[in-house]
Amino acid sequence: MNQGRRMHPAAMLILFLSRIRELLLPLVIVFFFTGGFNNYALWIFGAFFVFILVTSVWQWFVYRYDAREQELEVQQGYFIKKHRYIRRERIQSFDRTAGVLQRMFGLVKVKVETAGGGQAPEVEIVALQKDEAERIRRLLLKEGINSGDEENLEEENLQARTDEELPSFRWHLPVGWLMLMAATSSSIGIVFSALLALLSQVEQLIPMAWRETLFDQAIGVIITSSILFLAGIAVFVFLAAWIISIAMTAVKYGRFSAEKRADEILLQRGLLERRQLTLKEHRITAVRIVQNPVRQLFGFCTVYVESAGGGSEDEQQSTVLLPMAKRATVVAHLERLLPQFQFEHEQTALPQRALPRFLIRMTVLPLLILGLLAYFTPASFWLLGLSGLFALLGWRQFKDSGSASTNHYVFLQRRVLQLSLVIIPRHKVQDATASQSLLQRQMKLNTYTVSVQNTTSGRAFSVRDLDEGEASHLLAWYSYHNRLQHDNDLYLH
Amino acid sequence: MSTMMNNDHTGGAMRAAPKERISKKALPVWRFKGGLESLFFLAVPVGYYFLMNAFQYPLWLMYVLSAAWVLWAVSLTFIIPAVRWRRWRYEILEEEVDLQYGVIIVRRTLIPMSRVQHVDTEQGPIYRRYKLSAVTISTAATIHQIPALTEEVAAGIRDRISNLAETAEDDDTNEPR
């Protein structure tokens, strides 16, 4: 394949810098563990540096791609030449990212994913001109090129192009909602604990000479005003974590837009790194409407979709379709973005007898731990009241759980802490299971689970403690054996 | 729609269990495995015995642990294999595979033929001794296994599922959405 194209020459620098960035963390770790660099470490890093430089140039040299109407061919490998052919109809998603490095040169990175195949994308071209990326996208994602005779082909191409230029629906994230989203993001917990961990390491970073004077003084302060001081630090760290997590969310989801073009959905987002992801509507296996308790209070939700490719690690292998939308009106938007999906349904709640199971499940562990605490330190007896909060959560979990099915869709709603409604078309369900533990059998309850394909392999969605009858109804809804029977019955009546 | 659902609810009960059972030879295999596993747990009372001698730990706990081990070993080697065998049912219908299995949690799983990606038979050393085979059914999202089938039955099931899956219409394109 010598007619294939190389990446933009800036790929060499981009590959080099991104690999150096990966090396940065081990570098910092070594720095702290050895207390600075000795000659030995310097030599090793020097060698790494040269190695990375050489492989980056080399990789640019050997990497060629060739996008044709039916397939994408990629040739790579340092010693062993690897050819990879990806057929057009296997492609699940097309991801065009402009990272900070790429933006310096006005370039983009392209990732193409097919179904399955685990974490790594099938094809990753790290540096391309925007026009070139667009050319590949059009070649690979256009429907209808392979059907019909020559004349039709041109016509369809024309049709496709006009479809592409005029999105039939466009949704964008207002700045106010972005800020609300950032402020109510659950990533604050992660940032908070990371900051605390960092803070505990700060002592190590202070040079010996300062440490004795400064630190001893600080210790004195801590001892004299310990509780106030610690509370102050906690509040400060919390605020800092909040601001950092707001900034992180804003950078990631800033200027978010979702567009519907023909049978594709085009998602764009990011302030520093611009990501543009193209998903095919008929590849989407499930839609999830998620509300964390704070966002629920404000009446907002986040919509995720599952698909066999395109999910990113920081979104648990799902894809954010609408990062922040009003729950009351979200269905109207979704109906325009995903016209093939159905959202209207009438939910069947759990039977009342399931409630004790939720209450017990949520309170037994807190009661045990707090009970032990109260036994050994009677002063903390009042903490037992906290288990009331868990009972409240259990009650909400019971109230919020439910299921529904229409001709071609199943709806499963549940809450762990976040409320989540998942909508799955039957033809995307890979298998369905109704299960019953010994205790559930006593109470005539069932857990219902369906699996769909997602980026890594599969993802299961379930609702616990449904009425036995509802679970068997949902199983019959999925059964291809019963369906024929059922359709006949309907016909006879 | 909702009224129809309510009508269905009066029907209530799950459809009849799948017809076929797995081979009776599953029992010696599972008993053997359960026995081995319980030998592994023997480490707990034996370990406690040495601790007791070394640190004068109470003797009563030794009795409790030993009794617990005996109960655990009996259930691992005899009770659980028996319950598991009795529970395991399968049926290869024209449109789907119907499974029922599980000791404490009983699961009923449906896998439509149109979702089956591939189907294999597997045989480990113990299975080979008993001329048994397991059938593994993979979909795009999940993997299921029917254990302990005689070799002929397993091969038959594998071929039947494979044929049915091939001809099953892919309702991805067929079903109105």
# chains A, B, ... in the order shown; residues from 1 in each chain; ligands from 1
>>> interface_residues(of="chain A", to="chain B", cutoff="8 Å", atoms="only C-alpha atoms", output="PyMOL selection string")
chain A and resi 116+340-341+346+406+408+425+427-428+430-438+451-454+457-459+468-470+472-473+475+478-481
>>> write_last_selection(atoms="C-alpha atoms", output="PDB file, in the first residue's frame")
ATOM      1  CA  GLY A 116     -16.057  -4.876  20.435  1.00  0.00           C
ATOM      2  CA  GLN A 340     -36.230   6.221  16.028  1.00  0.00           C
ATOM      3  CA  PHE A 341     -36.407   5.902  19.803  1.00  0.00           C
ATOM      4  CA  GLU A 346     -46.269   4.242  31.781  1.00  0.00           C
ATOM      5  CA  THR A 406     -44.052  -1.027  24.971  1.00  0.00           C
ATOM      6  CA  HIS A 408     -40.419  -2.507  20.986  1.00  0.00           C
ATOM      7  CA  PRO A 425     -35.020  -1.163  22.087  1.00  0.00           C
ATOM      8  CA  HIS A 427     -33.565  -5.574  19.019  1.00  0.00           C
ATOM      9  CA  LYS A 428     -30.536  -4.218  20.934  1.00  0.00           C
ATOM     10  CA  GLN A 430     -28.647  -9.359  23.825  1.00  0.00           C
ATOM     11  CA  ASP A 431     -30.236 -11.451  26.550  1.00  0.00           C
ATOM     12  CA  ALA A 432     -32.795 -11.116  29.325  1.00  0.00           C
ATOM     13  CA  THR A 433     -32.784 -12.740  32.768  1.00  0.00           C
ATOM     14  CA  ALA A 434     -35.339 -12.911  35.546  1.00  0.00           C
ATOM     15  CA  SER A 435     -33.729 -14.059  38.771  1.00  0.00           C
ATOM     16  CA  GLN A 436     -35.059 -14.886  42.189  1.00  0.00           C
ATOM     17  CA  SER A 437     -33.192 -15.450  45.436  1.00  0.00           C
ATOM     18  CA  LEU A 438     -34.613 -17.689  48.163  1.00  0.00           C
ATOM     19  CA  SER A 451     -27.640  -6.838  28.597  1.00  0.00           C
ATOM     20  CA  VAL A 452     -26.667  -4.613  25.708  1.00  0.00           C
ATOM     21  CA  GLN A 453     -23.460  -4.128  23.812  1.00  0.00           C
ATOM     22  CA  ASN A 454     -21.285  -1.158  24.751  1.00  0.00           C
ATOM     23  CA  SER A 457     -18.156  -5.595  25.549  1.00  0.00           C
ATOM     24  CA  GLY A 458     -21.438  -5.641  27.360  1.00  0.00           C
ATOM     25  CA  ARG A 459     -23.339  -3.770  29.984  1.00  0.00           C
ATOM     26  CA  GLU A 468     -43.042 -11.715  39.943  1.00  0.00           C
ATOM     27  CA  GLY A 469     -45.811 -11.152  37.418  1.00  0.00           C
ATOM     28  CA  GLU A 470     -44.185  -8.017  36.001  1.00  0.00           C
ATOM     29  CA  SER A 472     -42.430 -12.706  33.832  1.00  0.00           C
ATOM     30  CA  HIS A 473     -44.276 -10.210  31.651  1.00  0.00           C
ATOM     31  CA  LEU A 475     -39.389 -11.876  30.037  1.00  0.00           C
ATOM     32  CA  TYR A 478     -38.401 -10.300  25.173  1.00  0.00           C
ATOM     33  CA  SER A 479     -39.159 -13.900  24.254  1.00  0.00           C
ATOM     34  CA  TYR A 480     -39.196 -14.545  20.534  1.00  0.00           C
ATOM     35  CA  HIS A 481     -40.919 -17.835  21.196  1.00  0.00           C
TER      36      HIS A 481
END
>>> residues_around(residues="segment 110-113 of chain A", least_positions_apart="6", cutoff="9 Å", atoms="only C-alpha atoms", output="NGL selection string")
:A and (90-98 or 120-128 or 133 or 308-310 or 455)
>>> write_last_selection(atoms="N, CA and C atoms", output="PDB file, in the first residue's frame")
ATOM      1  N   ARG A  90     -18.742  -1.818   9.389  1.00  0.00           N
ATOM      2  CA  ARG A  90     -18.422  -2.241  10.751  1.00  0.00           C
ATOM      3  C   ARG A  90     -18.139  -1.045  11.659  1.00  0.00           C
ATOM      4  N   ILE A  91     -18.011   0.119  11.066  1.00  0.00           N
ATOM      5  CA  ILE A  91     -17.596   1.281  11.856  1.00  0.00           C
ATOM      6  C   ILE A  91     -18.726   1.750  12.766  1.00  0.00           C
ATOM      7  N   GLN A  92     -18.412   1.886  14.049  1.00  0.00           N
ATOM      8  CA  GLN A  92     -19.405   2.286  15.039  1.00  0.00           C
ATOM      9  C   GLN A  92     -19.362   3.781  15.297  1.00  0.00           C
ATOM     10  N   SER A  93     -18.189   4.332  15.346  1.00  0.00           N
ATOM     11  CA  SER A  93     -18.095   5.744  15.691  1.00  0.00           C
ATOM     12  C   SER A  93     -16.859   6.354  15.057  1.00  0.00           C
ATOM     13  N   PHE A  94     -16.924   7.642  14.870  1.00  0.00           N
ATOM     14  CA  PHE A  94     -15.836   8.391  14.275  1.00  0.00           C
ATOM     15  C   PHE A  94     -15.575   9.563  15.208  1.00  0.00           C
ATOM     16  N   ASP A  95     -14.380   9.623  15.743  1.00  0.00           N
ATOM     17  CA  ASP A  95     -14.078  10.572  16.804  1.00  0.00           C
ATOM     18  C   ASP A  95     -12.972  11.505  16.321  1.00  0.00           C
ATOM     19  N   ARG A  96     -13.294  12.784  16.218  1.00  0.00           N
ATOM     20  CA  ARG A  96     -12.295  13.753  15.774  1.00  0.00           C
ATOM     21  C   ARG A  96     -11.988  14.674  16.944  1.00  0.00           C
ATOM     22  N   THR A  97     -10.756  14.643  17.449  1.00  0.00           N
ATOM     23  CA  THR A  97     -10.388  15.441  18.603  1.00  0.00           C
ATOM     24  C   THR A  97      -9.319  16.442  18.212  1.00  0.00           C
ATOM     25  N   ALA A  98      -9.454  17.662  18.704  1.00  0.00           N
ATOM     26  CA  ALA A  98      -8.360  18.608  18.565  1.00  0.00           C
ATOM     27  C   ALA A  98      -7.820  18.871  19.953  1.00  0.00           C
ATOM     28  N   ALA A 120      -8.808  -0.169  23.395  1.00  0.00           N
ATOM     29  CA  ALA A 120      -8.084   0.649  22.427  1.00  0.00           C
ATOM     30  C   ALA A 120      -8.907   0.807  21.154  1.00  0.00           C
ATOM     31  N   PRO A 121      -8.922   2.026  20.587  1.00  0.00           N
ATOM     32  CA  PRO A 121      -9.633   2.212  19.325  1.00  0.00           C
ATOM     33  C   PRO A 121      -8.921   1.463  18.205  1.00  0.00           C
ATOM     34  N   GLU A 122      -9.692   1.051  17.201  1.00  0.00           N
ATOM     35  CA  GLU A 122      -9.110   0.273  16.103  1.00  0.00           C
ATOM     36  C   GLU A 122      -8.083   1.085  15.329  1.00  0.00           C
ATOM     37  N   VAL A 123      -8.415   2.344  15.090  1.00  0.00           N
ATOM     38  CA  VAL A 123      -7.513   3.184  14.315  1.00  0.00           C
ATOM     39  C   VAL A 123      -7.373   4.520  15.018  1.00  0.00           C
ATOM     40  N   GLU A 124      -6.140   4.998  15.144  1.00  0.00           N
ATOM     41  CA  GLU A 124      -5.914   6.294  15.747  1.00  0.00           C
ATOM     42  C   GLU A 124      -4.882   7.024  14.901  1.00  0.00           C
ATOM     43  N   ILE A 125      -5.320   8.060  14.232  1.00  0.00           N
ATOM     44  CA  ILE A 125      -4.409   8.846  13.406  1.00  0.00           C
ATOM     45  C   ILE A 125      -4.192  10.157  14.142  1.00  0.00           C
ATOM     46  N   VAL A 126      -2.988  10.387  14.659  1.00  0.00           N
ATOM     47  CA  VAL A 126      -2.827  11.447  15.656  1.00  0.00           C
ATOM     48  C   VAL A 126      -2.745  12.856  15.089  1.00  0.00           C
ATOM     49  N   ALA A 127      -2.402  13.023  13.805  1.00  0.00           N
ATOM     50  CA  ALA A 127      -2.296  14.385  13.294  1.00  0.00           C
ATOM     51  C   ALA A 127      -2.724  14.456  11.835  1.00  0.00           C
ATOM     52  N   LEU A 128      -3.785  15.225  11.603  1.00  0.00           N
ATOM     53  CA  LEU A 128      -4.340  15.361  10.265  1.00  0.00           C
ATOM     54  C   LEU A 128      -4.818  16.788  10.066  1.00  0.00           C
ATOM     55  N   ALA A 133      -9.468  15.079   7.588  1.00  0.00           N
ATOM     56  CA  ALA A 133     -10.302  14.314   8.518  1.00  0.00           C
ATOM     57  C   ALA A 133     -11.750  14.302   8.033  1.00  0.00           C
ATOM     58  N   ALA A 308     -21.743   0.539  20.624  1.00  0.00           N
ATOM     59  CA  ALA A 308     -20.685  -0.468  20.586  1.00  0.00           C
ATOM     60  C   ALA A 308     -19.306   0.144  20.368  1.00  0.00           C
ATOM     61  N   GLY A 309     -19.220   1.441  20.225  1.00  0.00           N
ATOM     62  CA  GLY A 309     -17.926   2.102  20.103  1.00  0.00           C
ATOM     63  C   GLY A 309     -18.113   3.561  20.407  1.00  0.00           C
ATOM     64  N   GLY A 310     -17.039   4.258  20.692  1.00  0.00           N
ATOM     65  CA  GLY A 310     -17.136   5.700  20.878  1.00  0.00           C
ATOM     66  C   GLY A 310     -17.183   6.144  22.317  1.00  0.00           C
ATOM     67  N   THR A 455     -19.087  -0.126  24.621  1.00  0.00           N
ATOM     68  CA  THR A 455     -17.765   0.040  24.025  1.00  0.00           C
ATOM     69  C   THR A 455     -16.815  -1.101  24.366  1.00  0.00           C
TER      70      THR A 455
END
>>> atom_distance(atom1="atom CA of Ser257 of chain A", atom2="atom CA of Gly176 of chain A")
14.4 Å
>>> select_by_dssp(residues="segment 16-88 of chain A", states="alpha helix (DSSP H)", output="VMD selection string")
chain A and resid 16 to 33 39 to 62
>>> atom_distance(atom1="atom CA of Leu365 of chain A", atom2="atom CA of Leu393 of chain A")
13.5 Å
>>> atom_distance(atom1="atom CA of Leu27 of chain B", atom2="atom CA of Gln440 of chain A")
27.1 Å
>>> select_by_dssp(residues="segment 263-487 of chain A", states="strand (DSSP E or B)", output="count of residues only")
83
>>> closest_residue(among="A:Ala182, A:Leu389, A:Ala286, A:Leu370", to="Val450 of chain A", atoms="only C-alpha atoms")
A:Ala286
>>> residues_around(residues="His83 of chain A", least_positions_apart="3", cutoff="8 Å", atoms="only C-alpha atoms", output="number ranges by chain")
A: 73-76
